[in-house]
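Structure file protein.txt (compact mmCIF, C-alpha atoms) follows.
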```txt
# COMPACT_ATOMS: atom_id res chain seq x y z
CA MET A 1 122.99 -62.89 8.02
CA ASP A 2 124.58 -62.11 4.65
CA ALA A 3 125.90 -58.53 4.57
CA GLY A 4 125.48 -58.56 0.78
CA ASP A 5 121.70 -58.74 1.15
CA LEU A 6 121.40 -55.60 3.29
CA ILE A 7 119.99 -52.33 1.97
CA LEU A 8 121.78 -49.47 3.72
CA VAL A 9 120.74 -45.83 3.96
CA SER A 10 123.08 -43.76 6.11
CA VAL A 11 121.48 -40.82 7.92
CA ASP A 12 124.82 -39.33 8.91
CA ASP A 13 127.74 -38.86 6.55
CA HIS A 14 129.77 -35.76 5.79
CA LEU A 15 131.11 -33.90 2.81
CA ILE A 16 134.18 -31.75 2.42
CA GLU A 17 132.98 -28.82 0.34
CA PRO A 18 134.83 -28.45 -3.01
CA PRO A 19 136.52 -25.11 -3.72
CA ASP A 20 134.23 -24.22 -6.65
CA MET A 21 130.92 -24.77 -4.86
CA PHE A 22 129.94 -21.06 -4.83
CA ASP A 23 130.88 -20.38 -8.46
CA GLY A 24 127.95 -18.73 -10.22
CA ARG A 25 125.67 -19.03 -7.18
CA LEU A 26 126.04 -15.60 -5.58
CA PRO A 27 125.03 -12.16 -6.84
CA ALA A 28 127.90 -10.26 -8.47
CA ARG A 29 128.11 -7.81 -5.56
CA TYR A 30 129.06 -10.66 -3.20
CA ARG A 31 131.55 -12.41 -5.46
CA ASP A 32 134.64 -11.02 -3.74
CA ALA A 33 133.19 -11.65 -0.27
CA ALA A 34 132.25 -15.28 -0.96
CA PRO A 35 133.90 -18.11 1.00
CA LYS A 36 137.13 -19.14 -0.71
CA VAL A 37 139.77 -21.84 -0.42
CA THR A 38 143.39 -20.77 -0.08
CA ARG A 39 146.56 -22.75 0.56
CA THR A 40 148.64 -21.79 3.58
CA ASP A 41 152.42 -21.57 3.64
CA ALA A 42 152.35 -24.84 5.60
CA GLY A 43 150.55 -26.57 2.71
CA ALA A 44 147.04 -26.84 4.19
CA ASP A 45 143.91 -25.94 2.21
CA VAL A 46 141.70 -23.66 4.33
CA TRP A 47 138.42 -21.85 3.81
CA THR A 48 138.34 -18.09 4.45
CA PHE A 49 135.19 -16.07 5.05
CA ASN A 50 134.33 -12.89 6.91
CA GLY A 51 137.80 -12.70 8.47
CA SER A 52 137.74 -16.31 9.68
CA VAL A 53 140.10 -19.08 8.57
CA ILE A 54 138.60 -22.57 8.76
CA PRO A 55 140.90 -25.56 8.21
CA ASN A 56 139.81 -28.98 7.04
CA VAL A 57 140.51 -30.83 10.30
CA GLY A 58 142.21 -34.13 9.62
CA LEU A 59 139.74 -36.32 11.52
CA ASN A 60 137.00 -35.08 9.19
CA ALA A 61 138.53 -36.72 6.12
CA VAL A 62 140.42 -39.88 7.00
CA ALA A 63 138.51 -42.46 4.94
CA GLY A 64 141.02 -44.78 3.33
CA ARG A 65 143.96 -43.61 5.47
CA PRO A 66 145.82 -45.72 8.06
CA ARG A 67 144.84 -44.99 11.65
CA GLU A 68 148.30 -43.86 12.61
CA GLU A 69 147.70 -40.88 10.29
CA TYR A 70 144.52 -39.81 12.11
CA GLY A 71 144.78 -36.45 13.83
CA VAL A 72 143.43 -32.93 14.10
CA ASP A 73 146.09 -31.19 12.02
CA PRO A 74 144.80 -29.18 9.02
CA THR A 75 144.81 -31.11 5.79
CA ALA A 76 144.77 -30.41 2.04
CA PHE A 77 142.59 -31.75 -0.73
CA ASP A 78 145.41 -33.87 -2.10
CA GLU A 79 145.68 -35.54 1.32
CA MET A 80 142.09 -36.85 1.13
CA ARG A 81 140.27 -39.48 -0.88
CA PRO A 82 138.50 -37.71 -3.76
CA GLY A 83 135.23 -39.17 -2.45
CA CYS A 84 135.41 -36.68 0.40
CA PHE A 85 134.72 -33.72 -1.91
CA ASP A 86 133.92 -35.08 -5.41
CA VAL A 87 130.34 -36.32 -5.66
CA ASP A 88 131.03 -38.71 -8.54
CA GLU A 89 133.86 -40.31 -6.59
CA ARG A 90 131.67 -40.30 -3.47
CA VAL A 91 129.07 -42.44 -5.22
CA LYS A 92 131.78 -44.88 -6.29
CA ASP A 93 132.91 -45.11 -2.66
CA MET A 94 129.29 -45.58 -1.59
CA ASN A 95 128.89 -48.42 -4.07
CA ALA A 96 132.15 -50.04 -2.97
CA GLY A 97 130.98 -49.74 0.64
CA GLY A 98 127.52 -51.08 -0.19
CA VAL A 99 125.65 -47.91 0.82
CA LEU A 100 122.58 -47.08 -1.23
CA ALA A 101 121.95 -43.54 0.02
CA SER A 102 123.51 -40.97 2.30
CA MET A 103 122.64 -37.76 4.13
CA CYS A 104 125.69 -35.49 4.23
CA PHE A 105 126.28 -32.90 6.94
CA PRO A 106 128.38 -29.80 6.16
CA SER A 107 131.97 -29.26 7.23
CA PHE A 108 133.54 -25.80 6.97
CA PRO A 109 130.42 -23.73 7.91
CA GLY A 110 129.97 -25.86 11.05
CA PHE A 111 127.17 -28.39 11.46
CA SER A 112 124.66 -25.60 12.14
CA ALA A 113 126.24 -22.99 9.81
CA ARG A 114 127.32 -20.85 12.73
CA LEU A 115 130.17 -19.48 10.59
CA PHE A 116 127.63 -17.79 8.33
CA ALA A 117 125.46 -16.70 11.25
CA ALA A 118 128.44 -14.81 12.71
CA CYS A 119 128.76 -12.63 9.60
CA GLN A 120 127.84 -9.04 10.41
CA ASP A 121 126.50 -8.37 6.90
CA LYS A 122 123.27 -10.36 7.20
CA ASP A 123 122.36 -9.88 3.55
CA LEU A 124 125.65 -11.53 2.59
CA ALA A 125 125.11 -14.24 5.21
CA LEU A 126 121.64 -15.04 3.86
CA ALA A 127 122.91 -15.12 0.28
CA VAL A 128 125.67 -17.54 1.28
CA VAL A 129 123.29 -19.85 3.19
CA ARG A 130 120.91 -19.96 0.24
CA ALA A 131 123.75 -20.52 -2.22
CA TYR A 132 125.09 -23.37 -0.09
CA ASN A 133 121.65 -24.98 0.13
CA ASP A 134 121.09 -24.68 -3.61
CA TRP A 135 124.51 -26.18 -4.31
CA HIS A 136 123.85 -29.05 -1.91
CA ILE A 137 120.40 -29.86 -3.29
CA GLU A 138 121.09 -29.26 -6.98
CA SER A 139 124.77 -30.09 -7.50
CA TRP A 140 125.60 -32.60 -4.77
CA CYS A 141 122.30 -34.47 -4.37
CA GLY A 142 121.05 -33.69 -7.86
CA ALA A 143 124.11 -35.20 -9.55
CA HIS A 144 122.93 -38.70 -8.59
CA PRO A 145 119.16 -38.76 -7.94
CA GLY A 146 118.08 -41.26 -5.34
CA ARG A 147 121.53 -41.55 -3.76
CA PHE A 148 121.40 -38.65 -1.31
CA ILE A 149 118.92 -37.36 1.26
CA PRO A 150 119.05 -33.55 0.84
CA MET A 151 119.88 -31.44 3.88
CA ALA A 152 119.70 -27.67 4.30
CA LEU A 153 121.61 -25.21 6.47
CA PRO A 154 119.56 -23.01 8.83
CA VAL A 155 119.30 -19.23 9.00
CA LEU A 156 120.24 -19.15 12.68
CA TRP A 157 120.01 -15.40 13.28
CA ASP A 158 116.39 -14.85 12.21
CA PRO A 159 113.57 -17.36 12.89
CA GLU A 160 111.31 -15.78 10.26
CA LEU A 161 114.00 -16.05 7.59
CA ALA A 162 114.78 -19.55 8.87
CA ALA A 163 111.14 -20.53 8.35
CA ALA A 164 111.12 -19.05 4.86
CA GLU A 165 114.26 -21.01 3.95
CA VAL A 166 112.69 -24.23 5.22
CA ARG A 167 109.70 -23.67 2.96
CA ARG A 168 111.94 -22.76 0.02
CA VAL A 169 114.09 -25.89 0.26
CA ALA A 170 111.12 -28.14 1.00
CA ALA A 171 109.70 -27.10 -2.36
CA LYS A 172 112.94 -28.48 -3.84
CA GLY A 173 112.41 -31.83 -2.09
CA CYS A 174 114.58 -31.23 0.99
CA HIS A 175 113.18 -32.63 4.26
CA SER A 176 116.12 -32.27 6.64
CA LEU A 177 117.42 -29.13 8.36
CA THR A 178 120.68 -29.32 10.25
CA PHE A 179 120.56 -27.39 13.52
CA THR A 180 122.48 -26.75 16.72
CA GLU A 181 122.37 -28.71 19.97
CA SER A 182 122.15 -25.44 21.86
CA PRO A 183 121.13 -22.19 20.16
CA ALA A 184 121.58 -20.41 23.50
CA ASN A 185 125.23 -21.48 23.59
CA LEU A 186 125.71 -19.65 20.29
CA GLY A 187 124.06 -16.47 21.54
CA PHE A 188 120.59 -17.09 20.09
CA PRO A 189 117.25 -17.70 21.85
CA SER A 190 117.08 -21.05 23.62
CA PHE A 191 114.77 -23.92 22.72
CA HIS A 192 112.44 -22.60 25.42
CA ASP A 193 111.98 -19.19 23.81
CA PRO A 194 108.90 -18.66 21.62
CA ALA A 195 111.06 -16.64 19.21
CA TRP A 196 111.66 -19.89 17.30
CA ASP A 197 107.96 -20.59 16.76
CA PRO A 198 107.99 -19.54 13.08
CA LEU A 199 110.69 -22.14 12.42
CA TRP A 200 108.90 -24.91 14.34
CA THR A 201 105.72 -24.10 12.42
CA ALA A 202 107.49 -24.33 9.07
CA LEU A 203 109.15 -27.63 9.99
CA CYS A 204 105.78 -29.11 10.92
CA ASP A 205 103.98 -27.71 7.89
CA GLU A 206 106.61 -28.97 5.44
CA GLY A 207 107.45 -32.30 7.09
CA VAL A 208 111.10 -31.33 7.61
CA VAL A 209 113.15 -33.12 10.30
CA LEU A 210 115.28 -31.04 12.68
CA SER A 211 118.59 -32.94 12.43
CA ILE A 212 120.79 -32.09 15.41
CA HIS A 213 124.33 -33.34 15.00
CA LEU A 214 126.63 -34.19 17.87
CA GLY A 215 129.03 -31.30 18.45
CA SER A 216 126.89 -28.66 16.74
CA SER A 217 126.75 -26.42 19.82
CA GLY A 218 130.13 -24.94 18.94
CA SER A 219 131.73 -26.35 22.08
CA LEU A 220 133.30 -29.62 23.11
CA THR A 221 132.83 -31.46 26.39
CA VAL A 222 136.18 -30.83 28.05
CA THR A 223 137.03 -31.70 31.64
CA SER A 224 140.26 -29.69 31.76
CA PRO A 225 142.55 -28.01 29.23
CA ASP A 226 145.34 -30.51 29.89
CA ALA A 227 143.21 -33.65 29.66
CA PRO A 228 144.05 -36.21 26.96
CA VAL A 229 142.08 -35.79 23.73
CA ASP A 230 140.62 -39.26 24.39
CA VAL A 231 138.48 -37.64 27.11
CA MET A 232 136.81 -35.36 24.59
CA ILE A 233 136.24 -38.16 22.08
CA THR A 234 134.69 -40.38 24.77
CA LEU A 235 132.38 -37.63 26.02
CA GLN A 236 131.15 -36.41 22.62
CA PRO A 237 127.64 -37.89 23.05
CA MET A 238 127.09 -35.83 26.21
CA ASN A 239 126.17 -32.70 24.25
CA ILE A 240 123.50 -34.57 22.28
CA CYS A 241 122.14 -36.05 25.51
CA ALA A 242 121.79 -32.53 26.92
CA ALA A 243 120.01 -31.38 23.75
CA ALA A 244 117.56 -34.29 24.01
CA ALA A 245 116.68 -33.36 27.60
CA ASP A 246 116.38 -29.69 26.71
CA LEU A 247 113.92 -30.40 23.91
CA LEU A 248 111.93 -33.10 25.69
CA TRP A 249 111.12 -30.83 28.65
CA SER A 250 110.65 -27.72 26.50
CA ARG A 251 107.39 -26.26 25.23
CA VAL A 252 108.37 -27.16 21.66
CA ILE A 253 107.10 -30.72 21.58
CA LYS A 254 103.95 -29.87 23.55
CA GLN A 255 102.95 -26.95 21.32
CA PHE A 256 104.16 -28.39 18.01
CA PRO A 257 102.97 -32.01 18.09
CA ASP A 258 104.06 -32.70 14.49
CA ILE A 259 107.69 -31.78 15.02
CA ARG A 260 110.30 -34.49 14.38
CA ILE A 261 113.88 -34.37 15.68
CA ALA A 262 116.91 -36.54 14.87
CA LEU A 263 119.86 -36.93 17.24
CA SER A 264 122.56 -37.44 14.62
CA GLU A 265 125.70 -39.39 15.52
CA GLY A 266 124.63 -39.48 19.15
CA GLY A 267 124.63 -43.26 19.49
CA THR A 268 121.85 -45.31 21.04
CA GLY A 269 123.24 -47.37 23.92
CA TRP A 270 122.54 -44.59 26.43
CA ILE A 271 118.94 -44.09 25.35
CA PRO A 272 117.25 -46.78 27.55
CA TYR A 273 118.78 -45.29 30.70
CA PHE A 274 117.88 -41.81 29.51
CA LEU A 275 114.24 -42.83 28.96
CA ASP A 276 114.09 -44.41 32.40
CA ARG A 277 115.54 -41.24 33.90
CA LEU A 278 112.98 -39.11 32.05
CA ASP A 279 110.08 -41.16 33.38
CA ARG A 280 111.39 -41.24 36.94
CA THR A 281 111.99 -37.48 36.89
CA TYR A 282 108.42 -36.95 35.68
CA ASP A 283 106.92 -39.32 38.23
CA MET A 284 108.82 -37.83 41.16
CA HIS A 285 108.76 -34.15 40.27
CA HIS A 286 106.10 -33.10 37.76
CA LEU A 287 103.59 -32.05 40.45
CA TRP A 288 105.86 -29.24 41.57
CA THR A 289 107.75 -28.48 38.31
CA GLY A 290 104.52 -28.11 36.35
CA GLN A 291 105.31 -30.59 33.56
CA ASP A 292 102.18 -32.17 32.10
CA PHE A 293 102.03 -34.89 29.46
CA GLY A 294 98.48 -35.91 30.31
CA ASP A 295 98.14 -39.67 30.63
CA ARG A 296 101.42 -40.31 28.83
CA MET A 297 105.01 -40.59 30.00
CA PRO A 298 108.04 -38.67 28.69
CA SER A 299 109.41 -41.87 27.15
CA ASP A 300 106.25 -42.11 25.02
CA ILE A 301 106.77 -38.54 23.84
CA PHE A 302 110.41 -39.26 23.05
CA ARG A 303 109.52 -42.25 20.87
CA GLU A 304 106.92 -40.22 19.01
CA HIS A 305 109.18 -37.30 18.17
CA ILE A 306 112.85 -38.28 18.30
CA LEU A 307 114.98 -40.42 15.98
CA THR A 308 118.19 -41.95 17.30
CA CYS A 309 121.15 -42.97 15.15
CA PHE A 310 124.20 -45.18 15.56
CA ILE A 311 127.37 -46.15 13.68
CA ALA A 312 128.40 -49.27 15.58
CA ASP A 313 126.56 -49.70 18.85
CA PRO A 314 126.22 -53.29 20.12
CA VAL A 315 124.55 -52.16 23.36
CA GLY A 316 122.02 -50.14 21.40
CA LEU A 317 121.19 -53.06 19.11
CA ALA A 318 120.82 -55.37 22.10
CA LEU A 319 118.39 -52.88 23.71
CA ARG A 320 116.71 -51.78 20.46
CA ASN A 321 113.19 -52.58 21.67
CA GLU A 322 113.74 -50.55 24.84
CA ILE A 323 114.53 -47.59 22.59
CA GLY A 324 111.74 -48.22 20.07
CA ILE A 325 112.44 -50.10 16.87
CA ASP A 326 110.81 -47.35 14.79
CA ASN A 327 113.19 -44.77 16.28
CA VAL A 328 116.57 -46.22 15.33
CA CYS A 329 118.57 -45.58 12.16
CA TRP A 330 121.97 -46.73 10.96
CA GLU A 331 124.68 -44.31 9.90
CA GLN A 332 128.15 -44.70 8.37
CA ASP A 333 129.91 -41.38 9.19
CA TYR A 334 132.05 -41.39 6.01
CA PRO A 335 134.70 -39.90 5.79
CA HIS A 336 135.10 -39.24 9.53
CA SER A 337 137.29 -41.24 11.86
CA ASP A 338 134.42 -43.23 13.43
CA SER A 339 133.46 -44.74 10.08
CA SER A 340 134.10 -48.39 9.19
CA TRP A 341 133.96 -47.75 5.43
CA PRO A 342 134.20 -49.83 3.29
CA ARG A 343 133.39 -52.77 5.62
CA ALA A 344 130.48 -51.15 7.48
CA PRO A 345 127.93 -53.70 6.12
CA GLU A 346 129.95 -56.56 7.56
CA GLU A 347 130.26 -54.74 10.89
CA PHE A 348 126.49 -54.22 11.10
CA ALA A 349 125.67 -57.77 9.97
CA ARG A 350 128.00 -59.26 12.58
CA VAL A 351 126.47 -57.34 15.48
CA ALA A 352 122.89 -57.83 14.27
CA ALA A 353 123.49 -61.58 14.04
CA GLN A 354 125.04 -61.58 17.51
CA PHE A 355 121.80 -60.26 19.00
CA GLY A 356 119.42 -62.14 16.72
CA VAL A 357 117.85 -59.08 15.10
CA PRO A 358 115.07 -60.39 12.81
CA ASP A 359 114.84 -59.36 9.16
CA ASP A 360 111.90 -56.99 9.62
CA GLU A 361 113.75 -55.07 12.32
CA VAL A 362 116.97 -55.07 10.29
CA ASN A 363 115.06 -53.47 7.41
CA LYS A 364 113.66 -50.76 9.66
CA ILE A 365 117.07 -49.90 11.11
CA THR A 366 119.00 -50.02 7.84
CA HIS A 367 116.66 -48.10 5.53
CA GLU A 368 112.91 -48.13 6.19
CA ASN A 369 112.97 -45.76 9.17
CA ALA A 370 115.20 -43.32 7.28
CA MET A 371 112.90 -43.39 4.27
CA ARG A 372 109.85 -42.70 6.42
CA TRP A 373 111.33 -39.98 8.62
CA TYR A 374 112.96 -38.08 5.76
CA ARG A 375 110.28 -38.69 3.11
CA PHE A 376 112.89 -40.29 0.90
CA ASP A 377 112.25 -43.04 -1.65
CA PRO A 378 115.40 -44.40 -3.33
CA PHE A 379 113.36 -47.15 -4.98
CA ALA A 380 111.43 -44.67 -7.12
CA GLY A 381 114.13 -44.73 -9.78
CA ARG A 382 116.06 -47.88 -8.96
CA PRO A 383 114.77 -51.47 -8.67
CA ARG A 384 115.03 -52.79 -5.14
CA GLU A 385 117.15 -55.77 -6.23
CA GLN A 386 119.79 -53.30 -7.47
CA CYS A 387 119.94 -51.57 -4.09
CA THR A 388 121.59 -54.26 -1.96
CA VAL A 389 125.15 -54.16 -0.72
CA GLY A 390 126.09 -56.95 -3.09
CA ALA A 391 124.46 -55.34 -6.14
CA LEU A 392 126.07 -51.96 -5.46
CA ARG A 393 129.52 -53.46 -5.02
CA ALA A 394 129.10 -55.33 -8.29
CA GLU A 395 128.69 -51.97 -10.08
CA VAL A 396 132.25 -50.87 -9.25
CA PRO A 397 134.50 -53.90 -9.75
CA GLY A 398 138.10 -53.07 -8.99
CA HIS A 399 137.33 -49.74 -7.31
CA ASP A 400 140.32 -49.00 -5.10
CA THR A 401 139.39 -49.12 -1.41
CA ALA A 402 142.84 -50.00 -0.11
CA ILE A 403 144.16 -48.22 2.95
CA ARG A 404 146.87 -45.88 1.69
CA ALA A 405 149.20 -43.48 3.45
CA MET A 406 148.66 -39.85 2.40
CA ASP A 407 150.92 -38.13 4.91
CA LYS A 408 153.36 -35.79 3.16
CA GLY A 409 155.46 -35.27 6.28
CA ARG A 410 154.12 -31.77 6.91
CA PHE A 411 153.54 -32.38 10.62
CA ALA A 412 156.65 -34.27 11.61
CA ASP A 413 157.95 -31.38 13.73
CA VAL A 414 154.62 -29.75 14.64
CA PRO A 415 153.70 -30.05 18.35
CA LYS A 416 150.41 -31.79 19.02
CA MET A 417 147.43 -29.55 19.80
CA SER A 418 146.29 -29.73 23.43
CA LEU A 419 142.69 -30.45 24.35
CA GLY A 420 142.27 -26.87 25.52
CA GLU A 421 143.52 -25.54 22.17
CA LEU A 422 141.29 -27.99 20.30
CA ALA A 423 138.22 -26.87 22.25
CA GLU A 424 139.09 -23.21 21.69
CA ASN A 425 139.35 -23.76 17.94
CA ALA A 426 136.34 -26.06 17.54
CA THR A 427 134.41 -25.20 14.36
CA ALA A 428 131.50 -27.62 14.47
```

Give the structure from the file, written as structure tokens.
Amino acid sequence: MDAGDLILVSVDDHLIEPPDMFDGRLPARYRDAAPKVTRTDAGADVWTFNGSVIPNVGLNAVAGRPREEYGVDPTAFDEMRPGCFDVDERVKDMNAGGVLASMCFPSFPGFSARLFAACQDKDLALAVVRAYNDWHIESWCGAHPGRFIPMALPVLWDPELAAAEVRRVAAKGCHSLTFTESPANLGFPSFHDPAWDPLWTALCDEGVVLSIHLGSSGSLTVTSPDAPVDVMITLQPMNICAAAADLLWSRVIKQFPDIRIALSEGGTGWIPYFLDRLDRTYDMHHLWTGQDFGDRMPSDIFREHILTCFIADPVGLALRNEIGIDNVCWEQDYPHSDSSWPRAPEEFARVAAQFGVPDDEVNKITHENAMRWYRFDPFAGRPREQCTVGALRAEVPGHDTAIRAMDKGRFADVPKMSLGELAENATA
């Protein structure tokens, strides 16, 4: 398999919001209350809003940095690749990495915008959510048509307003809504509560995917406050597994048969066991728990409604047909620490060749499934032959992708944050 022949659409990348993103997008009465970037005495660039201070955590923006500089310490814009926050530079990095299109999750508001939802002035909160969504659709995605899958933030505190925002952004061509793994964990109605029905209705009506990112519940899976941070990193997929079970057994899928859900950055290797566990649970217990899928099994329902995504998952590729080949998408995770940018195409090609993945299945995993689920057509304005890894790389000859140290020595004497402190300060 030649990595240069692949066409890659990533359904999970991230952006670091630029400081000027709200300029001119909020009513005058909210200008002073808008989220702002300030520099701390320690030299970190942080967002401030509604009394909260939100740092750019180092692991969120390590593309192009040596691994020994990875960490959770707050960082500054001049300690990141410009592609983290500058859309023109991002597209150059995408080309150099051979990625045709990307869906970018938020950073400072949290993956489900819980920062905005916590604002007591709900008129301000709504204005900020709408301004963010307009910036994302018009300025980030709109700067390079066909290179980004638009994604909107939710209005978490009001399902009716959330539904209205879904319809508003869908009219702008946005078919992805980022959401939380556990609304109940954030103090909102659970997935089992009919309060969310207006939102589910809007998602179905507008063909918008509910994209649930790993870690979006506002909490980390922590075994003990003094455990090594490696424990948390290893257990990150557990939250997304819990969300999948919560939704599969909920009334949502039964009563809203057109709903579509993506488990973003959750990996895929665990899915075959999970599906087997679903079916065994149903077979052994549904007569007394009251679950009823008619003549179908929970695994059938999962494959009909849920998209799974992976960065580098050899087990998942080996078991791709146990998952469902129409339910698997590739993701790059730029600029986070799990990303293999700019050699992600080579990583995918190597593993796909190892397990003999045929071309038609490669195409589904690398771009066709993403295009279908998110109603996204990058070929509408760009010939297919110009969309391959090789063609994209040829557009940016000499673009600097070298690993470069960016550490300014700010943390030489700063004690490392414990896992308990990290969990307490989690912002996702």

With a cut-off of 8 Å, could you pull out the residues of segment 238-326 of chain A touching segment 205-215 of chain A and give me the nearest pair of atoms for each, distance in Å to one decimal, using all atoms listed in the file, ordered by chain and ascending number, as a tab-separated table?
```
residue	atom	partner	partner_atom	distance
A:Asn239	CA	A:Leu214	CA	6.6
A:Ile240	CA	A:Leu214	CA	5.4
A:Ile259	CA	A:Val209	CA	7.3
A:Arg260	CA	A:Val209	CA	5.2
A:Ile261	CA	A:Leu210	CA	4.7
A:Ala262	CA	A:Ser211	CA	4.7
A:Leu263	CA	A:Ile212	CA	5.3
A:Ser264	CA	A:His213	CA	4.5
A:Glu265	CA	A:Leu214	CA	5.8
A:Gly266	CA	A:Leu214	CA	5.8
```

message: Can you pull out the residues contacting Pro194 of chain A? Cut-off 12 Å, using all atoms listed in the file, and skip same-chain residues under 5 positions away; I want them as number ranges by chain.
response: A: 159-160, 188-189, 199-201, 250-252, 255-256

Take the residues that were just selected and, keeping C-alpha atoms, output them as a tab-separated table (two decimals), in the coordinates of the input.
```tsv
chain	number	residue	atom	x	y	z
A	159	PRO	CA	113.57	-17.36	12.89
A	160	GLU	CA	111.31	-15.78	10.26
A	188	PHE	CA	120.59	-17.09	20.09
A	189	PRO	CA	117.25	-17.70	21.85
A	199	LEU	CA	110.69	-22.14	12.42
A	200	TRP	CA	108.90	-24.91	14.34
A	201	THR	CA	105.72	-24.10	12.42
A	250	SER	CA	110.65	-27.72	26.50
A	251	ARG	CA	107.39	-26.26	25.23
A	252	VAL	CA	108.37	-27.16	21.66
A	255	GLN	CA	102.95	-26.95	21.32
A	256	PHE	CA	104.16	-28.39	18.01
```

task: Neighbourhood query: residues within 6 Å of (144.2, -36.0, 13.4), file coordinates, counting all atoms listed in the file; return as a ChimeraX atom specification.
output: /A:58-59,70-73

Residues near Arg350 of chain A, anyone? I mean within 10 Å using all atoms listed in the file, not counting same-chain ones fewer than 3 positions away, as a compact mmCIF listing (two decimals) with C-alpha atoms, in the coordinates of the input.
```txt
# COMPACT_ATOMS: atom_id res chain seq x y z
CA MET A 1 122.99 -62.89 8.02
CA ASP A 2 124.58 -62.11 4.65
CA ALA A 3 125.90 -58.53 4.57
CA PRO A 314 126.22 -53.29 20.12
CA ALA A 344 130.48 -51.15 7.48
CA PRO A 345 127.93 -53.70 6.12
CA GLU A 346 129.95 -56.56 7.56
CA GLU A 347 130.26 -54.74 10.89
CA ALA A 353 123.49 -61.58 14.04
CA GLN A 354 125.04 -61.58 17.51
CA PHE A 355 121.80 -60.26 19.00
CA GLY A 356 119.42 -62.14 16.72
```

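In terms of minimum interatomic distance to Asp400 of chain A, A:Gly97 ranks closest within A:Asp377, A:Gly97, A:Trp140, A:Asp246, counting all atoms listed in the file.
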
task: One decimal, Å: what's the distance from atom CA of Ala391 of chain A over to atom CA of Arg65 of chain A, could you say?
output: 25.5 Å

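For the set A:Leu247, A:Ile149, A:Ala202, A:Ser340, the residue with the smallest atom-to-atom gap to Ala162 of chain A is A:Ala202, counting only C-alpha atoms.
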
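Checking A:Val222, A:Ile311, A:Leu6, A:Ala34 one by one against Val99 of chain A, counting only C-alpha atoms, you find the shortest gap at A:Leu6.
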